[in-house]
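One structure is given here, and the rest of the page talks about it.
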2 protein chains.
Amino acid sequence: MSPIQLSQRARQTPPSPIRRLAHLATAAKAQGTRVYHLNIGQPDIKSPAEFIEGVRLYRDEVVAYESSEGNKRLREEWAGYVDRTLGLNLAPENFLITTGASEALVFVFMTCCDPGDEILIFDPTYANYIGFAAISGVKLVSILTKLEDNFALPSCEEIVAKISPRTRGILLCSPNNPTGTVYSRAELELLLEICNERNIFLIVDETYREIVYDGLSPLSIFHLDPRSERVIVVDSLSKRFSLCGARIGCLITSNQDVLAKTLNQAQARLAVSSIDQFAAAHMLSTIGPDYVEGIRCEYEARRDVLFDALEKIPEVVAQKPKGAFYTVVRLPVDDTDAFAAFLLSDFCCDGETVFVAPASGFYMTNSLGRNKIRLASVLERDALVKAAGLLEKGLKAYAAKR
Amino acid sequence: MSPIQLSQRARQTPPSPIRRLAHLATAAKAQGTRVYHLNIGQPDIKSPAEFIEGVRLYRDEVVAYESSEGNKRLREEWAGYVDRTLGLNLAPENFLITTGASEALVFVFMTCCDPGDEILIFDPTYANYIGFAAISGVKLVSILTKLEDNFALPSCEEIVAKISPRTRGILLCSPNNPTGTVYSRAELELLLEICNERNIFLIVDETYREIVYDGLSPLSIFHLDPRSERVIVVDSLSKRFSLCGARIGCLITSNQDVLAKTLNQAQARLAVSSIDQFAAAHMLSTIGPDYVEGIRCEYEARRDVLFDALEKIPEVVAQKPKGAFYTVVRLPVDDTDAFAAFLLSDFCCDGETVFVAPASGFYMTNSLGRNKIRLASVLERDALVKAAGLLEKGLKAYAAKR
């Protein structure tokens, strides 16, 4: 009998471009090589003491289900945090707590789209959006942004030209993963205007909202219209509080229909981790502004250090990102998948190498990413300089080999 | 402009039948009424000290992402637990850790089925399967099991008659939620034979595996064939360790293709809670067999008490369940949705009432559940007797009102 077949959507869900070379890194480490990880958005910065304290304070004798919409106190504290940091008065009832921003995004895709429906995204894009689309049967329609423009949004005409009768929304990651681009108020206004005019959703992933540089202030799409029926924000504690493993995200919207129908899906999966939610609520109720500001400053300093180092590498083209902690750079190679694998498997300098994420997985049109990589500034400054040096040496060794 | 439309699948995802009347319970409590919750499988039994200890022992300064397939130690410990309790030697690599059994089930639906594909289930069924099917576009094809047969599986012919070219698998919850039925080895063998013959998946939700009564031993589908390419087991720590809020489940299979393609989906959602996984691994490495045996005994005693009490209520038809901690009983009313709402909103006896789950939400053919409810034995024995008494009085009051 022939082997049992899997679904087409399972076969089409791509492996993570960030994680798919992980086995090569594991093998390199097993041989004693030190690997600098610039491939993954896992910061090395200590999580807040207030969160760890929250974990210790958890006292329930029965680790019971939380409500499907999320811990009441966490929703209140998160709304309070948004009020403190953004001056936005959003109701806790408009927050649905999710297992990371990831689950919020899957919910949004499911709630807004039927299979075959379309969502506009900007290419390059956060790779996992492509995975969520494959799972949910949503067709992502990509609009190209360019390295030489610092990945700014294209013109209104170029965006509108991609809208079809099946378009259900526009998804923007702002500040952007993978490019580090921070969109201007005018760019957000343009998107909101288009979505209002066409009656489609504007979904904004604000995971990196507070991580902006050069004197910029955090800007939420809610600053433009806190009550829009068409706006859905996806948020997460993972990055600004260095809590990736806590898996606490949320979906925020004033659209009561979206909240109600998403809650039905949330009920099917029952609830988010009770301990993570308890600790997060405790943290948000006790933490001051210094922690996030400290993270922001550190990433800004790292951005400077990494950008300076990259600029010195011959034939590497980089733009100075304005936020998040990523950057997409062009390398003088024609296949960064092969090059990234080479760095892990066939290159080693004084017992060290560097792990970079090939950009092909961040492009809907994979080939456009073939000569680019994404770097994450998730290491200390000295380590970033070392890693950039390894990248330079690796490029030379790769060129010599060919 | 007309309000913005949601997807058809969002509109079709039903609210949880267990949770949808929760607001009435909240309102009743706000008026000072004590509500006995028999509606939800949230045990009142203390979680293991070993888990709480694990939470306290978590020491990582950066709460970092776990690997997408799950914490290595947790997978090893879970395999060890399965070996100890079932005498089955499964490889840790065959375990994929998920956010509860819920996420494992969504993954399985996505991996095995494209939209429009079919999975056979037995009616009544765990209500959330219906939610997962709505989200994933899977068509659940129901095979009726009957209260008067203690919800045993029907004949081979009746099952095979439901298989179509689009059937991708059979999903069984064993021991069963909502009926408490424990399937015999012969029944499992029959399903495995059918699946082997038709080359379709056999998906078994073994969340309640250890909770079996009357001298029965826990039986896994892996006892019949630990290496089958067609068998996928979904498991969870929630019930046998009273850890519903810890959201730790897993998918277990020898099918490497299923594991690989499900891992791609798992990578898109990044990882499961690090602290929950750490604490669960610590618990499984230190806990003895007494905890689960204690839970099993307690539920057996509760089953006896609740069944005795139900038997005494005129015109209530109940079967003695052999496992899990649920039972589906027939009431002398024609609409248990209305009756359950009545109990919460219009009935109160000495300041108390009872919350039951209408069975309509557990039936693909809703109307078949109209005269039935699901009860969960998640309260202490005295409380169960009181709750059954309230049910009896509520039935009288409901009859008198009409």
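We label chains A, B, ... in the order they appear in the structure tokens, count residues from 1 in each chain, and number ligands from 1 in the order shown.
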| query | When DSSP works through the backbone of this structure, what residues of stretch 92-211 of chain A end up as alpha helix (DSSP H), shown as a PyMOL selection string? | reply | chain A and resi 100-112+127-136+156-160+185-198
| Could you list, as a count of residues only, every residue of chain B that has an atom within 6 Å of an atom of chain A, counting only C-alpha atoms? | 32
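For the pair atom CA of B:Gly180 and atom CA of B:Ala359, the separation is 13.7 Å.
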So which residues touch A:Pro321 within 12 Å, counting only C-alpha atoms, skipping near sequence neighbours fewer than 3 positions away, as an mmCIF file with all heavy atoms, in the first residue's frame?
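And here's around-v3.cif as it stands now:
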```cif
data_model
loop_
_atom_site.group_PDB
_atom_site.id
_atom_site.type_symbol
_atom_site.label_atom_id
_atom_site.label_comp_id
_atom_site.auth_asym_id
_atom_site.auth_seq_id
_atom_site.Cartn_x
_atom_site.Cartn_y
_atom_site.Cartn_z
ATOM 1 N N LEU A 147 15.191 47.706 -0.687
ATOM 2 C CA LEU A 147 16.325 48.025 0.180
ATOM 3 C C LEU A 147 16.807 49.445 -0.057
ATOM 4 O O LEU A 147 17.068 50.198 0.898
ATOM 5 C CB LEU A 147 17.452 47.002 -0.100
ATOM 6 C CG LEU A 147 18.788 47.203 0.618
ATOM 7 C CD1 LEU A 147 18.629 47.162 2.124
ATOM 8 C CD2 LEU A 147 19.785 46.121 0.193
ATOM 9 N N ASP A 149 15.211 52.002 -0.902
ATOM 10 C CA ASP A 149 14.284 52.997 -0.322
ATOM 11 C C ASP A 149 14.162 52.815 1.195
ATOM 12 O O ASP A 149 13.230 53.340 1.808
ATOM 13 C CB ASP A 149 12.868 52.844 -0.904
ATOM 14 C CG ASP A 149 12.845 52.983 -2.410
ATOM 15 O OD1 ASP A 149 13.763 53.626 -2.959
ATOM 16 O OD2 ASP A 149 11.917 52.434 -3.033
ATOM 17 N N ASN A 150 15.044 52.032 1.776
ATOM 18 C CA ASN A 150 14.932 51.680 3.193
ATOM 19 C C ASN A 150 13.577 51.007 3.466
ATOM 20 O O ASN A 150 12.988 51.163 4.534
ATOM 21 C CB ASN A 150 15.147 52.891 4.099
ATOM 22 C CG ASN A 150 15.837 52.490 5.392
ATOM 23 O OD1 ASN A 150 15.966 51.308 5.685
ATOM 24 N ND2 ASN A 150 16.256 53.472 6.185
ATOM 25 N N PHE A 151 13.096 50.304 2.479
ATOM 26 C CA PHE A 151 11.879 49.500 2.589
ATOM 27 C C PHE A 151 10.642 50.337 2.954
ATOM 28 O O PHE A 151 9.748 49.869 3.662
ATOM 29 C CB PHE A 151 12.066 48.351 3.587
ATOM 30 C CG PHE A 151 13.184 47.415 3.221
ATOM 31 C CD1 PHE A 151 14.404 47.444 3.906
ATOM 32 C CD2 PHE A 151 13.036 46.506 2.189
ATOM 33 C CE1 PHE A 151 15.442 46.581 3.561
ATOM 34 C CE2 PHE A 151 14.073 45.638 1.838
ATOM 35 C CZ PHE A 151 15.280 45.681 2.535
ATOM 36 N N ALA A 152 10.612 51.590 2.501
ATOM 37 C CA ALA A 152 9.429 52.439 2.722
ATOM 38 C C ALA A 152 8.253 51.888 1.920
ATOM 39 O O ALA A 152 8.433 51.126 0.968
ATOM 40 C CB ALA A 152 9.735 53.864 2.287
ATOM 41 N N PRO A 175 6.955 48.717 14.093
ATOM 42 C CA PRO A 175 8.175 48.636 13.291
ATOM 43 C C PRO A 175 8.346 47.234 12.698
ATOM 44 O O PRO A 175 7.824 46.271 13.244
ATOM 45 C CB PRO A 175 9.286 48.948 14.296
ATOM 46 C CG PRO A 175 8.605 49.712 15.397
ATOM 47 C CD PRO A 175 7.223 49.142 15.465
ATOM 48 N N ASN A 176 9.115 47.211 11.613
ATOM 49 C CA ASN A 176 9.072 46.018 10.789
ATOM 50 C C ASN A 176 10.106 44.943 11.136
ATOM 51 O O ASN A 176 11.277 45.210 11.328
ATOM 52 C CB ASN A 176 9.263 46.420 9.320
ATOM 53 C CG ASN A 176 8.939 45.289 8.373
ATOM 54 O OD1 ASN A 176 9.817 44.525 8.003
ATOM 55 N ND2 ASN A 176 7.684 45.147 7.990
ATOM 56 N N ASN A 177 9.612 43.729 11.195
ATOM 57 C CA ASN A 177 10.437 42.540 11.138
ATOM 58 C C ASN A 177 10.170 41.991 9.743
ATOM 59 O O ASN A 177 9.013 41.762 9.419
ATOM 60 C CB ASN A 177 9.990 41.547 12.211
ATOM 61 C CG ASN A 177 10.738 40.223 12.149
ATOM 62 O OD1 ASN A 177 11.629 40.055 11.334
ATOM 63 N ND2 ASN A 177 10.338 39.298 13.011
ATOM 64 N N PRO A 178 11.133 41.863 8.862
ATOM 65 C CA PRO A 178 12.580 41.745 9.081
ATOM 66 C C PRO A 178 13.412 42.990 8.765
ATOM 67 O O PRO A 178 14.633 42.914 8.899
ATOM 68 C CB PRO A 178 12.944 40.653 8.070
ATOM 69 C CG PRO A 178 12.053 40.949 6.906
ATOM 70 C CD PRO A 178 10.759 41.432 7.502
ATOM 71 N N THR A 179 12.804 44.113 8.381
ATOM 72 C CA THR A 179 13.652 45.176 7.813
ATOM 73 C C THR A 179 14.089 46.232 8.817
ATOM 74 O O THR A 179 15.009 47.004 8.541
ATOM 75 C CB THR A 179 12.915 45.911 6.665
ATOM 76 O OG1 THR A 179 11.781 46.592 7.216
ATOM 77 C CG2 THR A 179 12.463 44.950 5.590
ATOM 78 N N GLY A 180 13.418 46.333 9.965
ATOM 79 C CA GLY A 180 13.729 47.388 10.920
ATOM 80 C C GLY A 180 13.152 48.740 10.534
ATOM 81 O O GLY A 180 13.405 49.746 11.193
ATOM 82 N N THR A 181 12.325 48.758 9.487
ATOM 83 C CA THR A 181 11.704 50.004 9.036
ATOM 84 C C THR A 181 10.637 50.470 10.023
ATOM 85 O O THR A 181 9.843 49.669 10.512
ATOM 86 C CB THR A 181 11.044 49.791 7.649
ATOM 87 O OG1 THR A 181 12.018 49.250 6.769
ATOM 88 C CG2 THR A 181 10.481 51.095 7.097
ATOM 89 N N VAL A 182 10.647 51.768 10.323
ATOM 90 C CA VAL A 182 9.569 52.362 11.118
ATOM 91 C C VAL A 182 8.773 53.248 10.166
ATOM 92 O O VAL A 182 9.323 54.171 9.566
ATOM 93 C CB VAL A 182 10.136 53.195 12.287
ATOM 94 C CG1 VAL A 182 9.011 53.874 13.063
ATOM 95 C CG2 VAL A 182 10.944 52.289 13.214
ATOM 96 N N TYR A 183 7.509 52.943 10.010
ATOM 97 C CA TYR A 183 6.683 53.695 9.062
ATOM 98 C C TYR A 183 6.277 55.029 9.669
ATOM 99 O O TYR A 183 6.039 55.133 10.871
ATOM 100 C CB TYR A 183 5.457 52.873 8.643
ATOM 101 C CG TYR A 183 5.880 51.539 8.083
ATOM 102 C CD1 TYR A 183 5.847 50.393 8.867
ATOM 103 C CD2 TYR A 183 6.389 51.436 6.791
ATOM 104 C CE1 TYR A 183 6.294 49.174 8.372
ATOM 105 C CE2 TYR A 183 6.842 50.225 6.295
ATOM 106 C CZ TYR A 183 6.790 49.100 7.089
ATOM 107 O OH TYR A 183 7.240 47.904 6.607
ATOM 108 N N ILE A 211 10.285 49.829 20.344
ATOM 109 C CA ILE A 211 11.709 49.761 19.990
ATOM 110 C C ILE A 211 11.957 50.592 18.738
ATOM 111 O O ILE A 211 11.984 50.096 17.614
ATOM 112 C CB ILE A 211 12.146 48.283 19.844
ATOM 113 C CG1 ILE A 211 11.803 47.535 21.148
ATOM 114 C CG2 ILE A 211 13.655 48.198 19.560
ATOM 115 C CD1 ILE A 211 12.024 46.036 21.090
ATOM 116 N N VAL A 212 12.078 51.920 18.956
ATOM 117 C CA VAL A 212 12.310 52.872 17.858
ATOM 118 C C VAL A 212 13.469 53.786 18.245
ATOM 119 O O VAL A 212 13.693 54.033 19.434
ATOM 120 C CB VAL A 212 11.038 53.702 17.542
ATOM 121 C CG1 VAL A 212 9.998 52.807 16.875
ATOM 122 C CG2 VAL A 212 10.458 54.348 18.788
ATOM 123 N N TYR A 213 14.182 54.264 17.223
ATOM 124 C CA TYR A 213 15.448 54.964 17.467
ATOM 125 C C TYR A 213 15.425 56.393 16.945
ATOM 126 O O TYR A 213 14.457 56.838 16.334
ATOM 127 C CB TYR A 213 16.595 54.206 16.790
ATOM 128 C CG TYR A 213 16.598 52.723 17.052
ATOM 129 C CD1 TYR A 213 16.882 51.813 16.033
ATOM 130 C CD2 TYR A 213 16.296 52.215 18.330
ATOM 131 C CE1 TYR A 213 16.899 50.451 16.253
ATOM 132 C CE2 TYR A 213 16.305 50.848 18.558
ATOM 133 C CZ TYR A 213 16.596 49.968 17.517
ATOM 134 O OH TYR A 213 16.592 48.628 17.751
ATOM 135 N N ASP A 214 16.553 57.067 17.174
ATOM 136 C CA ASP A 214 16.783 58.408 16.619
ATOM 137 C C ASP A 214 15.723 59.398 17.075
ATOM 138 O O ASP A 214 15.281 60.264 16.320
ATOM 139 C CB ASP A 214 16.815 58.346 15.070
ATOM 140 C CG ASP A 214 17.837 57.331 14.556
ATOM 141 O OD1 ASP A 214 18.884 57.151 15.221
ATOM 142 O OD2 ASP A 214 17.584 56.704 13.514
ATOM 143 N N TYR A 299 19.299 48.400 22.235
ATOM 144 C CA TYR A 299 19.156 48.009 20.824
ATOM 145 C C TYR A 299 19.607 49.119 19.893
ATOM 146 O O TYR A 299 20.151 48.859 18.823
ATOM 147 C CB TYR A 299 17.705 47.600 20.507
ATOM 148 C CG TYR A 299 17.347 46.226 21.030
ATOM 149 C CD1 TYR A 299 16.241 46.027 21.832
ATOM 150 C CD2 TYR A 299 18.142 45.118 20.727
ATOM 151 C CE1 TYR A 299 15.918 44.768 22.326
ATOM 152 C CE2 TYR A 299 17.834 43.861 21.218
ATOM 153 C CZ TYR A 299 16.721 43.698 22.012
ATOM 154 O OH TYR A 299 16.412 42.455 22.494
ATOM 155 N N GLU A 300 19.387 50.360 20.304
ATOM 156 C CA GLU A 300 19.844 51.475 19.462
ATOM 157 C C GLU A 300 21.374 51.459 19.371
ATOM 158 O O GLU A 300 21.938 51.605 18.272
ATOM 159 C CB GLU A 300 19.343 52.811 20.016
ATOM 160 C CG GLU A 300 19.742 53.985 19.118
ATOM 161 C CD GLU A 300 18.868 55.220 19.311
ATOM 162 O OE1 GLU A 300 18.024 55.244 20.220
ATOM 163 O OE2 GLU A 300 19.035 56.181 18.526
ATOM 164 N N ALA A 301 22.021 51.266 20.500
ATOM 165 C CA ALA A 301 23.487 51.201 20.509
ATOM 166 C C ALA A 301 23.967 50.026 19.658
ATOM 167 O O ALA A 301 24.944 50.135 18.899
ATOM 168 C CB ALA A 301 23.985 51.069 21.942
ATOM 169 N N ARG A 302 23.278 48.910 19.755
ATOM 170 C CA ARG A 302 23.661 47.741 18.951
ATOM 171 C C ARG A 302 23.461 48.003 17.468
ATOM 172 O O ARG A 302 24.267 47.596 16.629
ATOM 173 C CB ARG A 302 22.816 46.528 19.362
ATOM 174 C CG ARG A 302 23.154 46.001 20.728
ATOM 175 C CD ARG A 302 22.252 44.828 21.063
ATOM 176 N NE ARG A 302 22.546 44.326 22.390
ATOM 177 C CZ ARG A 302 21.998 43.239 22.908
ATOM 178 N NH1 ARG A 302 21.112 42.545 22.197
ATOM 179 N NH2 ARG A 302 22.305 42.835 24.120
ATOM 180 N N ARG A 303 22.350 48.647 17.164
ATOM 181 C CA ARG A 303 22.077 48.991 15.766
ATOM 182 C C ARG A 303 23.237 49.800 15.205
ATOM 183 O O ARG A 303 23.747 49.519 14.113
ATOM 184 C CB ARG A 303 20.761 49.804 15.710
ATOM 185 C CG ARG A 303 20.232 50.138 14.337
ATOM 186 C CD ARG A 303 20.711 51.463 13.757
ATOM 187 N NE ARG A 303 20.780 52.595 14.651
ATOM 188 C CZ ARG A 303 19.988 53.660 14.597
ATOM 189 N NH1 ARG A 303 19.024 53.703 13.703
ATOM 190 N NH2 ARG A 303 20.161 54.694 15.428
ATOM 191 N N ASP A 304 23.688 50.813 15.986
ATOM 192 C CA ASP A 304 24.802 51.665 15.541
ATOM 193 C C ASP A 304 26.066 50.840 15.299
ATOM 194 O O ASP A 304 26.725 50.980 14.262
ATOM 195 C CB ASP A 304 25.081 52.750 16.586
ATOM 196 C CG ASP A 304 23.943 53.756 16.673
ATOM 197 O OD1 ASP A 304 23.136 53.820 15.705
ATOM 198 O OD2 ASP A 304 23.820 54.449 17.696
ATOM 199 N N LEU A 306 26.411 47.576 14.829
ATOM 200 C CA LEU A 306 26.288 46.606 13.744
ATOM 201 C C LEU A 306 26.308 47.303 12.387
ATOM 202 O O LEU A 306 26.982 46.853 11.447
ATOM 203 C CB LEU A 306 25.000 45.781 13.897
ATOM 204 C CG LEU A 306 24.780 44.700 12.831
ATOM 205 C CD1 LEU A 306 25.881 43.635 12.873
ATOM 206 C CD2 LEU A 306 23.412 44.020 13.001
ATOM 207 N N PHE A 307 25.587 48.416 12.298
ATOM 208 C CA PHE A 307 25.531 49.126 11.022
ATOM 209 C C PHE A 307 26.922 49.634 10.624
ATOM 210 O O PHE A 307 27.324 49.501 9.467
ATOM 211 C CB PHE A 307 24.540 50.291 11.109
ATOM 212 C CG PHE A 307 24.389 51.033 9.824
ATOM 213 C CD1 PHE A 307 23.728 50.452 8.750
ATOM 214 C CD2 PHE A 307 24.938 52.303 9.661
ATOM 215 C CE1 PHE A 307 23.606 51.122 7.542
ATOM 216 C CE2 PHE A 307 24.812 52.982 8.466
ATOM 217 C CZ PHE A 307 24.142 52.393 7.401
ATOM 218 N N ASP A 308 27.652 50.202 11.592
ATOM 219 C CA ASP A 308 29.016 50.667 11.309
ATOM 220 C C ASP A 308 29.885 49.513 10.799
ATOM 221 O O ASP A 308 30.651 49.679 9.845
ATOM 222 C CB ASP A 308 29.661 51.251 12.577
ATOM 223 C CG ASP A 308 29.064 52.612 12.934
ATOM 224 O OD1 ASP A 308 28.280 53.140 12.103
ATOM 225 O OD2 ASP A 308 29.357 53.116 14.025
ATOM 226 N N ALA A 318 23.715 47.899 3.112
ATOM 227 C CA ALA A 318 22.830 47.916 4.286
ATOM 228 C C ALA A 318 22.217 49.300 4.443
ATOM 229 O O ALA A 318 22.785 50.293 4.002
ATOM 230 C CB ALA A 318 23.638 47.567 5.531
ATOM 231 N N ALA A 324 12.806 48.198 15.704
ATOM 232 C CA ALA A 324 12.892 46.750 15.907
ATOM 233 C C ALA A 324 14.361 46.391 16.152
ATOM 234 O O ALA A 324 15.121 47.225 16.620
ATOM 235 C CB ALA A 324 12.295 45.974 14.745
ATOM 236 N N PHE A 325 14.794 45.202 15.853
ATOM 237 C CA PHE A 325 16.233 44.942 15.991
ATOM 238 C C PHE A 325 16.730 44.016 14.888
ATOM 239 O O PHE A 325 17.524 43.124 15.103
ATOM 240 C CB PHE A 325 16.604 44.421 17.384
ATOM 241 C CG PHE A 325 15.674 43.402 17.982
ATOM 242 C CD1 PHE A 325 15.596 42.127 17.464
ATOM 243 C CD2 PHE A 325 14.915 43.717 19.103
ATOM 244 C CE1 PHE A 325 14.774 41.186 18.029
ATOM 245 C CE2 PHE A 325 14.072 42.776 19.680
ATOM 246 C CZ PHE A 325 14.005 41.508 19.147
ATOM 247 N N TYR A 326 16.160 44.286 13.701
ATOM 248 C CA TYR A 326 16.545 43.501 12.531
ATOM 249 C C TYR A 326 17.037 44.425 11.445
ATOM 250 O O TYR A 326 16.749 45.628 11.450
ATOM 251 C CB TYR A 326 15.348 42.724 11.981
ATOM 252 C CG TYR A 326 14.670 41.863 13.000
ATOM 253 C CD1 TYR A 326 13.491 42.277 13.612
ATOM 254 C CD2 TYR A 326 15.221 40.637 13.363
ATOM 255 C CE1 TYR A 326 12.874 41.493 14.557
ATOM 256 C CE2 TYR A 326 14.602 39.853 14.317
ATOM 257 C CZ TYR A 326 13.428 40.278 14.912
ATOM 258 O OH TYR A 326 12.828 39.505 15.851
ATOM 259 N N THR A 327 17.720 43.832 10.495
ATOM 260 C CA THR A 327 18.042 44.557 9.272
ATOM 261 C C THR A 327 18.222 43.531 8.156
ATOM 262 O O THR A 327 18.676 42.411 8.394
ATOM 263 C CB THR A 327 19.298 45.439 9.450
ATOM 264 O OG1 THR A 327 19.503 46.181 8.259
ATOM 265 C CG2 THR A 327 20.545 44.608 9.747
ATOM 266 N N VAL A 328 17.786 43.928 6.960
ATOM 267 C CA VAL A 328 17.979 43.078 5.784
ATOM 268 C C VAL A 328 19.095 43.698 4.954
ATOM 269 O O VAL A 328 19.013 44.879 4.610
ATOM 270 C CB VAL A 328 16.680 42.956 4.963
ATOM 271 C CG1 VAL A 328 16.950 42.293 3.618
ATOM 272 C CG2 VAL A 328 15.636 42.158 5.735
ATOM 273 N N VAL A 329 20.144 42.933 4.703
ATOM 274 C CA VAL A 329 21.280 43.477 3.954
ATOM 275 C C VAL A 329 21.556 42.619 2.721
ATOM 276 O O VAL A 329 21.251 41.422 2.707
ATOM 277 C CB VAL A 329 22.551 43.571 4.839
ATOM 278 C CG1 VAL A 329 22.275 44.369 6.095
ATOM 279 C CG2 VAL A 329 23.078 42.200 5.207
ATOM 280 N N ARG A 374 18.811 38.314 6.703
ATOM 281 C CA ARG A 374 18.301 39.114 7.816
ATOM 282 C C ARG A 374 19.228 38.915 9.001
ATOM 283 O O ARG A 374 19.617 37.776 9.309
ATOM 284 C CB ARG A 374 16.883 38.680 8.222
ATOM 285 C CG ARG A 374 16.295 39.612 9.295
ATOM 286 C CD ARG A 374 15.081 39.048 9.995
ATOM 287 N NE ARG A 374 15.411 37.981 10.931
ATOM 288 C CZ ARG A 374 14.578 37.503 11.848
ATOM 289 N NH1 ARG A 374 13.348 37.988 11.939
ATOM 290 N NH2 ARG A 374 14.939 36.521 12.659
ATOM 291 N N LEU A 375 19.574 40.012 9.643
ATOM 292 C CA LEU A 375 20.390 39.948 10.858
ATOM 293 C C LEU A 375 19.590 40.490 12.034
ATOM 294 O O LEU A 375 18.860 41.478 11.889
ATOM 295 C CB LEU A 375 21.659 40.793 10.686
ATOM 296 C CG LEU A 375 22.602 40.364 9.553
ATOM 297 C CD1 LEU A 375 23.743 41.357 9.415
ATOM 298 C CD2 LEU A 375 23.136 38.960 9.811
ATOM 299 N N ALA A 376 19.721 39.848 13.188
ATOM 300 C CA ALA A 376 19.048 40.311 14.408
ATOM 301 C C ALA A 376 20.116 40.754 15.399
ATOM 302 O O ALA A 376 21.062 40.015 15.669
ATOM 303 C CB ALA A 376 18.208 39.182 14.998
ATOM 304 N N SER A 377 19.949 41.971 15.932
ATOM 305 C CA SER A 377 20.940 42.521 16.881
ATOM 306 C C SER A 377 20.652 42.046 18.295
ATOM 307 O O SER A 377 20.362 42.846 19.178
ATOM 308 C CB SER A 377 20.899 44.043 16.872
ATOM 309 O OG SER A 377 20.938 44.544 15.580
#
```
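Remark: for B:Ser236, the closest of the candidate residues B:Phe278, B:Phe355, B:Tyr208, B:Phe95 is B:Tyr208 (distances computed over only C-alpha atoms).
Picture a line from atom CA of B:Thr207 to atom CA of A:Leu251; it runs 29.2 Å.
Here atom CA of B:Pro332 and atom CA of B:Ala399 stand 8.9 Å from one another.
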| task | Find the residues around B:Thr353 up to 12 Å (only C-alpha atoms counted), leave out those fewer than 4 positions away in its own chain, and share them as number ranges by chain. | result | B: 24-25, 28-29, 31-38, 340-349, 383-384, 386-395
| task | Apply DSSP to the backbone of this structure and, from stretch 223-293 of chain A, keep only the residues in strand (DSSP E or B); write these as an MDAnalysis selection string. | result | chainID A and resid 231:236 248:253
